[in-house]
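This is input.pdb. It holds PDB, C-alpha atoms.
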```pdb
ATOM      1  CA  MET A  23     148.252  70.354  81.633
ATOM      2  CA  SER A  24     148.316  72.687  84.597
ATOM      3  CA  GLY A  25     146.200  73.815  87.498
ATOM      4  CA  SER A  26     146.227  74.822  91.134
ATOM      5  CA  ILE A  27     144.925  73.613  94.474
ATOM      6  CA  PHE A  28     141.384  74.888  95.024
ATOM      7  CA  GLU A  29     140.716  73.542  98.534
ATOM      8  CA  PHE A  30     143.416  72.830 101.103
ATOM      9  CA  PHE A  31     142.700  70.995 104.362
ATOM     10  CA  GLY A  32     139.008  71.710 103.948
ATOM     11  CA  TYR A  33     139.160  75.422 103.068
ATOM     12  CA  ARG A  34     139.656  77.400  99.884
ATOM     13  CA  ALA A  35     143.307  77.862  99.065
ATOM     14  CA  GLU A  36     142.686  81.633  98.950
ATOM     15  CA  ASP A  37     141.108  81.609 102.428
ATOM     16  CA  CYS A  38     143.552  83.179 104.896
ATOM     17  CA  SER A  39     141.193  83.100 107.873
ATOM     18  CA  ARG A  40     142.263  81.861 111.284
ATOM     19  CA  GLU A  41     140.292  78.665 110.757
ATOM     20  CA  ALA A  42     141.894  77.867 107.397
ATOM     21  CA  LEU A  43     145.414  78.562 108.650
ATOM     22  CA  ALA A  44     144.893  76.484 111.794
ATOM     23  CA  SER A  45     143.574  73.549 109.758
ATOM     24  CA  ALA A  46     146.658  73.625 107.517
ATOM     25  CA  VAL A  47     149.075  73.880 110.433
ATOM     26  CA  SER A  48     147.466  70.948 112.263
ATOM     27  CA  GLN A  49     146.945  69.080 108.949
ATOM     28  CA  GLN A  50     143.410  68.277 110.062
ATOM     29  CA  CYS A  51     140.610  67.189 107.765
ATOM     30  CA  PRO A  52     137.544  69.090 109.031
ATOM     31  CA  PHE A  53     135.221  66.546 107.408
ATOM     32  CA  LEU A  54     136.683  63.642 109.399
ATOM     33  CA  GLY A  55     137.782  65.533 112.487
ATOM     34  CA  GLU A  56     141.219  63.930 112.308
ATOM     35  CA  ILE A  57     144.500  64.079 110.399
ATOM     36  CA  CYS A  58     144.103  64.182 106.604
ATOM     37  CA  GLU A  59     144.547  60.678 105.201
ATOM     38  CA  LYS A  60     145.453  61.709 101.639
ATOM     39  CA  THR A  61     149.208  61.399 101.042
ATOM     40  CA  LEU A  62     151.755  62.083  98.314
ATOM     41  CA  SER A  63     154.008  59.383  96.876
ATOM     42  CA  ASP A  64     156.627  59.919  99.581
ATOM     43  CA  GLY A  65     154.115  59.773 102.432
ATOM     44  CA  LEU A  66     153.733  63.505 103.011
ATOM     45  CA  ILE A  67     150.209  64.500 103.968
ATOM     46  CA  SER A  68     148.641  66.079 100.893
ATOM     47  CA  GLY A  69     145.840  68.265 102.202
ATOM     48  CA  ALA A  70     144.437  68.855  98.709
ATOM     49  CA  CYS A  71     140.658  68.337  98.640
ATOM     50  CA  SER A  72     140.057  69.658  95.136
ATOM     51  CA  ILE A  73     141.974  70.885  92.113
ATOM     52  CA  LYS A  74     141.232  73.820  89.803
ATOM     53  CA  PRO A  75     142.374  73.048  86.226
ATOM     54  CA  MET A  76     143.365  76.196  84.351
ATOM     55  CA  LYS A  77     140.489  76.011  81.864
ATOM     56  CA  SER A  78     137.666  74.412  83.831
ATOM     57  CA  SER A  79     135.833  74.506  87.134
ATOM     58  CA  PRO A  80     137.216  72.899  90.337
ATOM     59  CA  VAL A  81     137.186  69.103  90.550
ATOM     60  CA  ILE A  82     137.076  67.269  93.891
ATOM     61  CA  CYS A  83     139.960  64.791  94.076
ATOM     62  CA  CYS A  84     139.410  63.354  97.569
ATOM     63  CA  PRO A  85     136.266  61.301  98.293
ATOM     64  CA  ILE A  86     136.315  62.401 101.936
ATOM     65  CA  ARG A  87     135.390  65.878 100.685
ATOM     66  CA  LEU A  88     131.950  64.501  99.755
ATOM     67  CA  TYR A  89     131.395  63.324 103.339
ATOM     68  CA  ALA A  90     130.895  66.848 104.690
ATOM     69  CA  ASP A  91     128.197  67.538 107.270
ATOM     70  CA  GLY A  92     128.556  64.186 108.968
ATOM     71  CA  TYR A  93     128.183  61.974 105.874
ATOM     72  CA  SER A  94     124.969  63.749 104.920
ATOM     73  CA  ILE A  95     125.063  62.165 101.455
ATOM     74  CA  LEU A  96     124.270  58.791 103.065
ATOM     75  CA  GLN A  97     121.285  60.239 104.896
ATOM     76  CA  THR A  98     120.024  61.847 101.682
ATOM     77  CA  ILE A  99     120.254  58.600  99.726
ATOM     78  CA  ALA A 100     118.756  56.472 102.534
ATOM     79  CA  ASP A 101     115.771  58.812 102.761
ATOM     80  CA  GLU A 102     115.272  58.682  98.997
ATOM     81  CA  ALA A 103     115.553  54.898  98.820
ATOM     82  CA  PHE A 104     113.586  53.928 101.935
ATOM     83  CA  GLY A 105     111.477  56.978 102.762
ATOM     84  CA  GLY A 106     112.200  60.092 104.807
ATOM     85  CA  GLY A 107     113.478  60.135 108.368
ATOM     86  CA  GLN A 108     115.677  57.038 108.262
ATOM     87  CA  HIS A 109     117.860  56.388 111.305
ATOM     88  CA  LEU A 110     121.418  55.414 110.309
ATOM     89  CA  VAL A 111     123.630  53.304 112.571
ATOM     90  CA  SER A 112     126.963  51.530 112.178
ATOM     91  CA  GLY A 113     126.409  48.220 110.386
ATOM     92  CA  PRO A 114     127.363  45.756 113.133
ATOM     93  CA  GLU A 115     125.119  47.631 115.589
ATOM     94  CA  GLY A 116     122.090  47.601 113.291
ATOM     95  CA  ARG A 117     120.195  44.600 114.606
ATOM     96  CA  ILE A 118     120.927  45.486 118.223
ATOM     97  CA  ALA A 119     119.697  49.065 117.673
ATOM     98  CA  ALA A 120     116.498  47.933 115.937
ATOM     99  CA  LEU A 121     115.615  45.490 118.716
ATOM    100  CA  ARG A 122     116.559  47.926 121.469
ATOM    101  CA  ASP A 123     114.593  50.874 120.070
ATOM    102  CA  ARG A 124     111.825  48.736 118.556
ATOM    103  CA  LYS A 125     111.870  50.657 115.301
ATOM    104  CA  PRO A 126     113.415  50.231 111.829
ATOM    105  CA  VAL A 127     117.004  51.362 111.258
ATOM    106  CA  VAL A 128     119.422  51.547 108.347
ATOM    107  CA  ALA A 129     122.611  49.600 109.027
ATOM    108  CA  VAL A 130     125.531  51.287 107.252
ATOM    109  CA  PHE A 131     128.502  49.242 106.082
ATOM    110  CA  GLY A 132     131.496  51.223 104.861
ATOM    111  CA  GLN A 133     134.740  52.780 105.960
ATOM    112  CA  ARG A 134     134.465  53.912 109.611
ATOM    113  CA  TRP A 135     130.899  52.594 109.777
ATOM    114  CA  GLY A 136     131.427  48.865 110.116
ATOM    115  CA  GLY A 137     133.749  47.974 107.268
ATOM    116  CA  GLU A 138     133.312  47.590 103.524
ATOM    117  CA  LEU A 139     131.601  44.505 102.126
ATOM    118  CA  ARG A 140     133.269  42.677  99.255
ATOM    119  CA  LEU A 141     131.830  41.473  95.977
ATOM    120  CA  PRO A 142     133.485  38.406  94.394
ATOM    121  CA  GLN A 143     135.053  38.875  90.980
ATOM    122  CA  LYS A 144     134.432  36.638  88.019
ATOM    123  CA  GLY A 145     135.803  33.132  88.472
ATOM    124  CA  GLY A 146     135.949  33.588  92.230
ATOM    125  CA  GLN A 147     139.325  35.332  92.123
ATOM    126  CA  GLY A 148     139.960  38.653  93.814
ATOM    127  CA  ASN A 149     137.201  41.009  94.886
ATOM    128  CA  TYR A 150     135.572  44.368  94.390
ATOM    129  CA  PHE A 151     134.616  46.577  97.280
ATOM    130  CA  VAL A 152     131.317  48.419  97.294
ATOM    131  CA  ASP A 153     131.948  51.711  99.080
ATOM    132  CA  TRP A 154     128.706  51.608 101.056
ATOM    133  CA  ILE A 155     125.874  49.211 101.739
ATOM    134  CA  LEU A 156     122.764  50.750 103.312
ATOM    135  CA  ALA A 157     120.628  47.928 104.740
ATOM    136  CA  ARG A 158     117.140  48.642 106.067
ATOM    137  CA  LEU A 159     116.213  46.477 109.057
ATOM    138  CA  ALA A 160     112.698  46.065 110.417
ATOM    139  CA  ALA A 161     111.915  46.709 114.084
ATOM    140  CA  ASP A 162     112.490  43.012 114.810
ATOM    141  CA  GLY A 163     115.960  43.158 113.225
ATOM    142  CA  THR A 164     114.952  41.392 110.006
ATOM    143  CA  LEU A 165     116.792  42.501 106.857
ATOM    144  CA  GLU A 166     114.121  43.979 104.559
ATOM    145  CA  GLU A 167     116.135  45.392 101.669
ATOM    146  CA  PHE A 168     119.410  47.129 100.863
ATOM    147  CA  ILE A 169     121.077  49.421  98.340
ATOM    148  CA  ALA A 170     124.694  49.950  97.299
ATOM    149  CA  VAL A 171     126.387  53.346  97.126
ATOM    150  CA  GLU A 172     129.573  54.148  95.220
ATOM    151  CA  VAL A 173     131.393  57.442  95.856
ATOM    152  CA  GLN A 174     133.855  58.507  93.177
ATOM    153  CA  THR A 175     136.102  61.523  92.782
ATOM    154  CA  MET A 176     139.037  61.770  90.343
ATOM    155  CA  ASP A 177     142.726  60.970  90.623
ATOM    156  CA  THR A 178     145.255  63.581  89.570
ATOM    157  CA  THR A 179     148.128  63.588  87.111
ATOM    158  CA  GLY A 180     151.250  65.726  87.230
ATOM    159  CA  ASN A 181     152.386  67.275  90.487
ATOM    160  CA  TYR A 182     151.105  69.899  92.910
ATOM    161  CA  ARG A 183     153.906  69.695  95.467
ATOM    162  CA  ASN A 184     155.044  73.276  94.849
ATOM    163  CA  GLY A 185     151.467  74.481  95.347
ATOM    164  CA  ARG A 186     151.221  72.580  98.611
ATOM    165  CA  GLU A 187     154.472  74.086  99.904
ATOM    166  CA  ALA A 188     153.388  77.620  98.952
ATOM    167  CA  LEU A 189     150.123  77.215 100.874
ATOM    168  CA  LEU A 190     151.988  76.057 103.979
ATOM    169  CA  GLU A 191     154.143  79.190 104.006
ATOM    170  CA  GLY A 192     153.204  82.181 106.114
ATOM    171  CA  ASP A 193     151.630  84.230 103.322
ATOM    172  CA  ARG A 194     149.662  81.234 101.980
ATOM    173  CA  ARG A 195     150.454  81.875  98.305
ATOM    174  CA  LEU A 196     148.407  80.321  95.503
ATOM    175  CA  VAL A 197     150.696  79.162  92.684
ATOM    176  CA  LYS A 198     150.235  77.299  89.415
ATOM    177  CA  THR A 199     151.336  73.653  89.324
ATOM    178  CA  SER A 200     151.570  70.858  86.743
ATOM    179  CA  VAL A 201     148.577  69.046  88.252
ATOM    180  CA  GLY A 202     145.797  67.752  86.035
ATOM    181  CA  ILE A 203     142.823  65.398  86.248
ATOM    182  CA  ASN A 204     143.121  61.747  85.192
ATOM    183  CA  TRP A 205     140.011  61.671  83.036
ATOM    184  CA  GLU A 206     141.085  58.405  81.386
ATOM    185  CA  ASN A 207     139.852  56.584  84.478
ATOM    186  CA  VAL A 208     136.270  57.328  83.424
ATOM    187  CA  ALA A 209     136.464  54.866  80.543
ATOM    188  CA  LYS A 210     139.148  52.528  81.853
ATOM    189  CA  ARG A 211     137.925  51.948  85.389
ATOM    190  CA  ILE A 212     134.785  53.756  86.547
ATOM    191  CA  ILE A 213     132.219  52.729  83.936
ATOM    192  CA  PRO A 214     133.351  49.058  83.622
ATOM    193  CA  GLN A 215     133.221  48.630  87.396
ATOM    194  CA  LEU A 216     129.752  50.173  87.571
ATOM    195  CA  VAL A 217     128.520  47.745  84.915
ATOM    196  CA  TYR A 218     129.976  44.738  86.730
ATOM    197  CA  LYS A 219     128.757  45.733  90.173
ATOM    198  CA  GLY A 220     125.327  46.615  88.834
ATOM    199  CA  GLN A 221     124.972  43.202  87.220
ATOM    200  CA  VAL A 222     126.041  41.407  90.391
ATOM    201  CA  LEU A 223     123.601  43.419  92.501
ATOM    202  CA  GLN A 224     120.736  42.685  90.109
ATOM    203  CA  ARG A 225     120.953  39.058  91.217
ATOM    204  CA  GLU A 226     120.305  40.072  94.833
ATOM    205  CA  SER A 227     116.619  39.588  95.675
ATOM    206  CA  LEU A 228     116.714  42.252  98.406
ATOM    207  CA  CYS A 229     118.559  44.879  96.349
ATOM    208  CA  ARG A 230     115.380  46.368  94.917
ATOM    209  CA  LYS A 231     116.667  49.853  94.039
ATOM    210  CA  GLY A 232     120.086  49.048  92.616
ATOM    211  CA  ILE A 233     123.202  51.139  93.039
ATOM    212  CA  PHE A 234     123.590  54.863  93.677
ATOM    213  CA  PHE A 235     126.664  56.548  92.207
ATOM    214  CA  VAL A 236     127.747  59.781  93.915
ATOM    215  CA  CYS A 237     130.348  62.016  92.262
ATOM    216  CA  PRO A 238     131.279  65.661  91.646
ATOM    217  CA  GLN A 239     129.435  67.313  88.773
ATOM    218  CA  PRO A 240     132.527  67.551  86.501
ATOM    219  CA  VAL A 241     132.964  63.768  86.834
ATOM    220  CA  PHE A 242     129.277  63.189  86.042
ATOM    221  CA  ASN A 243     129.537  65.471  83.012
ATOM    222  CA  ARG A 244     132.591  63.600  81.729
ATOM    223  CA  ILE A 245     130.836  60.225  82.149
ATOM    224  CA  ILE A 246     127.784  61.470  80.240
ATOM    225  CA  THR A 247     130.020  62.816  77.470
ATOM    226  CA  ARG A 248     131.894  59.512  77.227
ATOM    227  CA  LEU A 249     128.568  57.678  76.915
ATOM    228  CA  GLY A 250     127.424  59.910  74.055
ATOM    229  CA  GLY A 251     125.077  62.247  75.897
ATOM    230  CA  ARG A 252     122.033  61.974  78.134
ATOM    231  CA  ASP A 253     119.829  60.786  75.282
ATOM    232  CA  LYS A 254     121.850  57.549  75.238
ATOM    233  CA  LEU A 255     120.646  56.755  78.764
ATOM    234  CA  PRO A 256     116.854  56.311  78.989
ATOM    235  CA  LYS A 257     115.527  57.309  82.400
ATOM    236  CA  PHE A 258     114.410  54.674  84.895
ATOM    237  CA  PRO A 259     113.400  55.026  88.560
ATOM    238  CA  PRO A 260     115.343  53.075  91.211
ATOM    239  CA  GLN A 261     114.713  49.352  90.678
ATOM    240  CA  PRO A 262     116.717  46.121  90.447
ATOM    241  CA  ALA A 263     119.653  46.631  88.038
ATOM    242  CA  SER A 264     119.265  50.415  88.137
ATOM    243  CA  ILE A 265     122.037  52.953  88.512
ATOM    244  CA  THR A 266     121.158  56.353  89.949
ATOM    245  CA  PHE A 267     123.766  59.049  89.344
ATOM    246  CA  VAL A 268     123.844  61.803  91.976
ATOM    247  CA  ALA A 269     126.103  64.759  91.166
ATOM    248  CA  TYR A 270     127.315  67.228  93.780
ATOM    249  CA  ASP A 271     128.931  70.614  93.272
ATOM    250  CA  TYR A 272     129.671  73.832  95.143
ATOM    251  CA  MET A 273     126.404  75.580  95.965
ATOM    252  CA  ASP A 274     127.401  79.028  94.725
ATOM    253  CA  GLN A 275     130.397  81.122  93.833
ATOM    254  CA  THR A 276     130.018  83.546  96.755
ATOM    255  CA  PHE A 277     132.668  82.021  98.972
ATOM    256  CA  ALA A 278     132.975  83.053 102.611
ATOM    257  CA  ASP A 279     136.223  82.868 104.562
ATOM    258  CA  GLY A 280     136.520  80.680 107.634
ATOM    259  CA  VAL A 281     134.028  78.018 106.476
ATOM    260  CA  SER A 282     134.226  75.115 104.071
ATOM    261  CA  VAL A 283     132.451  75.678 100.769
ATOM    262  CA  PRO A 284     129.021  73.997 100.986
ATOM    263  CA  LEU A 285     128.059  71.271  98.523
ATOM    264  CA  ASN A 286     124.648  70.417  97.155
ATOM    265  CA  VAL A 287     123.016  67.991  94.729
ATOM    266  CA  VAL A 288     123.013  69.725  91.333
ATOM    267  CA  ASP A 289     122.084  66.892  88.969
ATOM    268  CA  ARG A 290     120.786  63.339  88.981
ATOM    269  CA  LEU A 291     119.987  60.674  86.440
ATOM    270  CA  GLY A 292     118.540  57.200  86.858
ATOM    271  CA  THR A 293     119.033  54.475  84.264
ATOM    272  CA  THR A 294     119.808  50.737  84.182
ATOM    273  CA  VAL A 295     123.092  48.881  84.099
ATOM    274  CA  TYR A 296     122.193  47.466  80.679
ATOM    275  CA  LYS A 297     121.506  50.865  79.142
ATOM    276  CA  LEU A 298     124.800  52.034  80.641
ATOM    277  CA  GLN A 299     126.616  49.059  79.117
ATOM    278  CA  ASP A 300     125.009  49.599  75.707
ATOM    279  CA  ALA A 301     126.012  53.258  75.673
ATOM    280  CA  PHE A 302     129.553  52.432  76.766
ATOM    281  CA  ASN A 303     129.953  49.822  74.031
ATOM    282  CA  THR A 304     128.663  52.153  71.320
ATOM    283  CA  VAL A 305     131.820  53.868  70.167
ATOM    284  CA  THR A 306     131.759  56.936  67.951
ATOM    285  CA  LEU A 307     134.709  56.515  65.619
ATOM    286  CA  PRO A 308     136.662  59.362  64.026
ATOM    287  CA  THR A 309     136.798  59.761  60.251
ATOM    288  CA  GLU A 310     138.895  57.279  58.293
ATOM    289  CA  ASP A 311     142.641  57.747  57.722
ATOM    290  CA  VAL A 312     143.169  59.990  60.753
ATOM    291  CA  TYR A 313     146.494  58.312  61.510
ATOM    292  CA  GLN A 314     147.595  58.752  57.911
ATOM    293  CA  ALA A 315     146.813  62.450  58.138
ATOM    294  CA  ALA A 316     148.733  62.762  61.408
ATOM    295  CA  ILE A 317     151.779  61.001  59.903
ATOM    296  CA  GLU A 318     151.692  63.195  56.817
ATOM    297  CA  ALA A 319     151.457  66.320  58.960
ATOM    298  CA  ALA A 320     154.384  65.188  61.100
ATOM    299  CA  LEU A 321     156.509  64.444  58.044
ATOM    300  CA  LYS A 322     155.962  67.990  56.774
ATOM    301  CA  ALA A 323     157.048  69.515  60.067
ATOM    302  CA  PRO A 324     160.464  71.276  59.960
TER     303      PRO A 324
END
```
Show how you would write the structure in this file as structure tokens.
Amino acid sequence: MSGSIFEFFGYRAEDCSREALASAVSQQCPFLGEICEKTLSDGLISGACSIKPMKSSPVICCPIRLYADGYSILQTIADEAFGGGQHLVSGPEGRIAALRDRKPVVAVFGQRWGGELRLPQKGGQGNYFVDWILARLAADGTLEEFIAVEVQTMDTTGNYRNGREALLEGDRRLVKTSVGINWENVAKRIIPQLVYKGQVLQRESLCRKGIFFVCPQPVFNRIITRLGGRDKLPKFPPQPASITFVAYDYMDQTFADGVSVPLNVVDRLGTTVYKLQDAFNTVTLPTEDVYQAAIEAALKAP
């Protein structure tokens, strides 16, 4: 498995503009307006926003990359769930803002917006975090309804340290690395957590439109493949126990220097947590005796 860094400190790795070079030197994340928070195992600041596997399109590997344009994904989802023109405020300030302005607001709970809210695990031990809770408050500060939002990119395997070092050098060289995408997390972690969180949220009387799952398009495609295709997931509009997938990708392949590559919604699919669970539990098995064939082939090897 091999690949290269596609975006580095918010700009394409091949972008040698003044803006891209300055961002790398200062190690700033342009989407947060502060130092990049992604680190390598030894604590070095990573700077890698997305990875380009050798045989596939770029895959975003840092969730902060999806928060471009001032967390516009939250505005988009709030407008879809509650109607256009929603006013978003930091969660703890929500009731105060509604009463002060005498109009409805959406209180946002999540990292840098008022803190993440926990969901209890089974048996009362441990917890899950929901990335975002968007809570609509009436003009009198009353909680009317809320939705949950999960934002998921992909972890990497292998190593891209040599690629990072080459991009920090004066000539900003793009080199191949041993980095890959940890696709196993789709089945081992992402889908089971979505099922659990979706079932918990179904029991919430004010969570009337379920959970929204935001991810890069390659991640969405891999999830759909793991579930057996789109026909395994009957479509449902947002409702209790629903899961709405929202896939983002780079808007076009005409990349300009000196600016971050814009993202846009390229796909979406709404279904229910129970249809998701059914599809996940329906396993397509290989033909019989595949291990026997592999052993026989290995025994014949010189």
At a cut-off of 10 Å from (139.4, 74.3, 98.0) in the coordinates of the file, what residues are picked up using all atoms listed in the file, written as a ChimeraX atom specification?
/A:26-37,69-74,80-82,87,282-283
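Among the candidates A:Leu88, A:Pro75, A:Leu139, A:Asp162, the one nearest to Ala120 of chain A when counting only C-alpha atoms is A:Asp162.
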Closest to Ile213 of chain A among A:Gln275, A:Phe302, A:Lys254, A:Gly280, using only C-alpha atoms?
A:Phe302
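When all atoms listed in the file are used to measure the gap to Gln299 of chain A, the shortest distance among A:Gly232, A:Gly251, A:Gly113, A:Gly220 belongs to A:Gly220.
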Would you kindly translate the PyMOL selection byres ((chain A and resi 137) around 10) into the concrete residues it picks from this file, as a PyMOL selection string?
chain A and resi 112-114+130-136+138-140+153-155
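In this model, the gap between atom CA of Leu165 of chain A and atom CA of Gln215 of chain A comes to 26.2 Å.
Nearest to Thr98 of chain A of all the residues A:Leu110, A:Leu307, A:Ala263, A:Ala160 is A:Leu110, based on all atoms listed in the file.
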When you look at segment 293-298 of chain A with a cut-off of 7 Å (counting only C-alpha atoms), what residues show up, excluding the ones that are within fewer than 5 positions of it in the same chain? I need them as a list in words.
Val217, Gly220, Gln221, Leu255, Pro256, Lys257, Phe258, Ala263, Ser264, Ile265 and Thr266 of chain A
Determine the nearest neighbour of Pro259 of chain A from the options A:Cys237, A:Cys51, A:Ala103, A:Asn207, counting only C-alpha atoms.
A:Ala103
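Between Asp177 of chain A and the residues A:Val127, A:Cys83, A:Val287, A:Val201, the shortest atom-to-atom distance, using all atoms listed in the file, involves A:Cys83.
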I'd like the contact shell of Gln50 of chain A - 12 Å cut-off, all atoms listed in the file, skipping same-chain residues fewer than 2 positions apart - returned as JSON, numbers by chain.
{"A": [30, 31, 32, 33, 41, 42, 43, 44, 45, 46, 47, 48, 52, 53, 54, 55, 56, 57, 58, 59, 60, 67, 68, 69, 70, 71]}
Grab the atom CA of Lys231 of chain A to atom CA of Pro284 of chain A distance for me, in Å with one decimal place.
28.0 Å
Leaving out Asp271 of chain A and any residue of its chain fewer than 5 positions from it, which residues lie within 6 Å of it when counting all atoms listed in the file, given as an MDAnalysis selection string?
chainID A and resid 238:239 285:286
Because some atoms of segment 87-101 of chain A are absent here, can you restore N, CA and C atoms and send them as a short mmCIF file (atom, residue, chain, number, x, y, z; two decimals), in the frame of the given file?
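Saved file rebuild30.cif follows:
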```
data_model
loop_
_atom_site.label_atom_id
_atom_site.label_comp_id
_atom_site.auth_asym_id
_atom_site.auth_seq_id
_atom_site.Cartn_x
_atom_site.Cartn_y
_atom_site.Cartn_z
N ARG A 87 136.00 64.55 100.84
CA ARG A 87 135.39 65.88 100.68
C ARG A 87 133.87 65.78 100.52
N LEU A 88 133.39 64.68 99.95
CA LEU A 88 131.95 64.50 99.76
C LEU A 88 131.24 64.05 101.03
N TYR A 89 132.00 63.78 102.09
CA TYR A 89 131.40 63.32 103.34
C TYR A 89 131.18 64.46 104.33
N ALA A 90 131.12 65.69 103.82
CA ALA A 90 130.90 66.85 104.69
C ALA A 90 129.56 66.73 105.41
N ASP A 91 129.43 67.50 106.47
CA ASP A 91 128.20 67.54 107.27
C ASP A 91 127.82 66.17 107.80
N GLY A 92 128.82 65.46 108.32
CA GLY A 92 128.56 64.19 108.97
C GLY A 92 128.00 63.12 108.03
N TYR A 93 128.62 62.99 106.86
CA TYR A 93 128.18 61.97 105.87
C TYR A 93 126.73 62.20 105.46
N SER A 94 126.36 63.45 105.24
CA SER A 94 124.97 63.75 104.92
C SER A 94 124.53 63.11 103.61
N ILE A 95 125.47 62.80 102.71
CA ILE A 95 125.06 62.16 101.46
C ILE A 95 124.41 60.80 101.72
N LEU A 96 124.86 60.09 102.75
CA LEU A 96 124.27 58.79 103.06
C LEU A 96 122.85 58.95 103.58
N GLN A 97 122.63 59.97 104.39
CA GLN A 97 121.28 60.24 104.90
C GLN A 97 120.35 60.59 103.74
N THR A 98 120.84 61.43 102.83
CA THR A 98 120.02 61.85 101.68
C THR A 98 119.60 60.65 100.84
N ILE A 99 120.55 59.76 100.57
CA ILE A 99 120.25 58.60 99.73
C ILE A 99 119.36 57.60 100.46
N ALA A 100 119.60 57.38 101.75
CA ALA A 100 118.76 56.47 102.53
C ALA A 100 117.32 56.95 102.56
N ASP A 101 117.13 58.26 102.73
CA ASP A 101 115.77 58.81 102.76
C ASP A 101 115.09 58.67 101.41
#
```
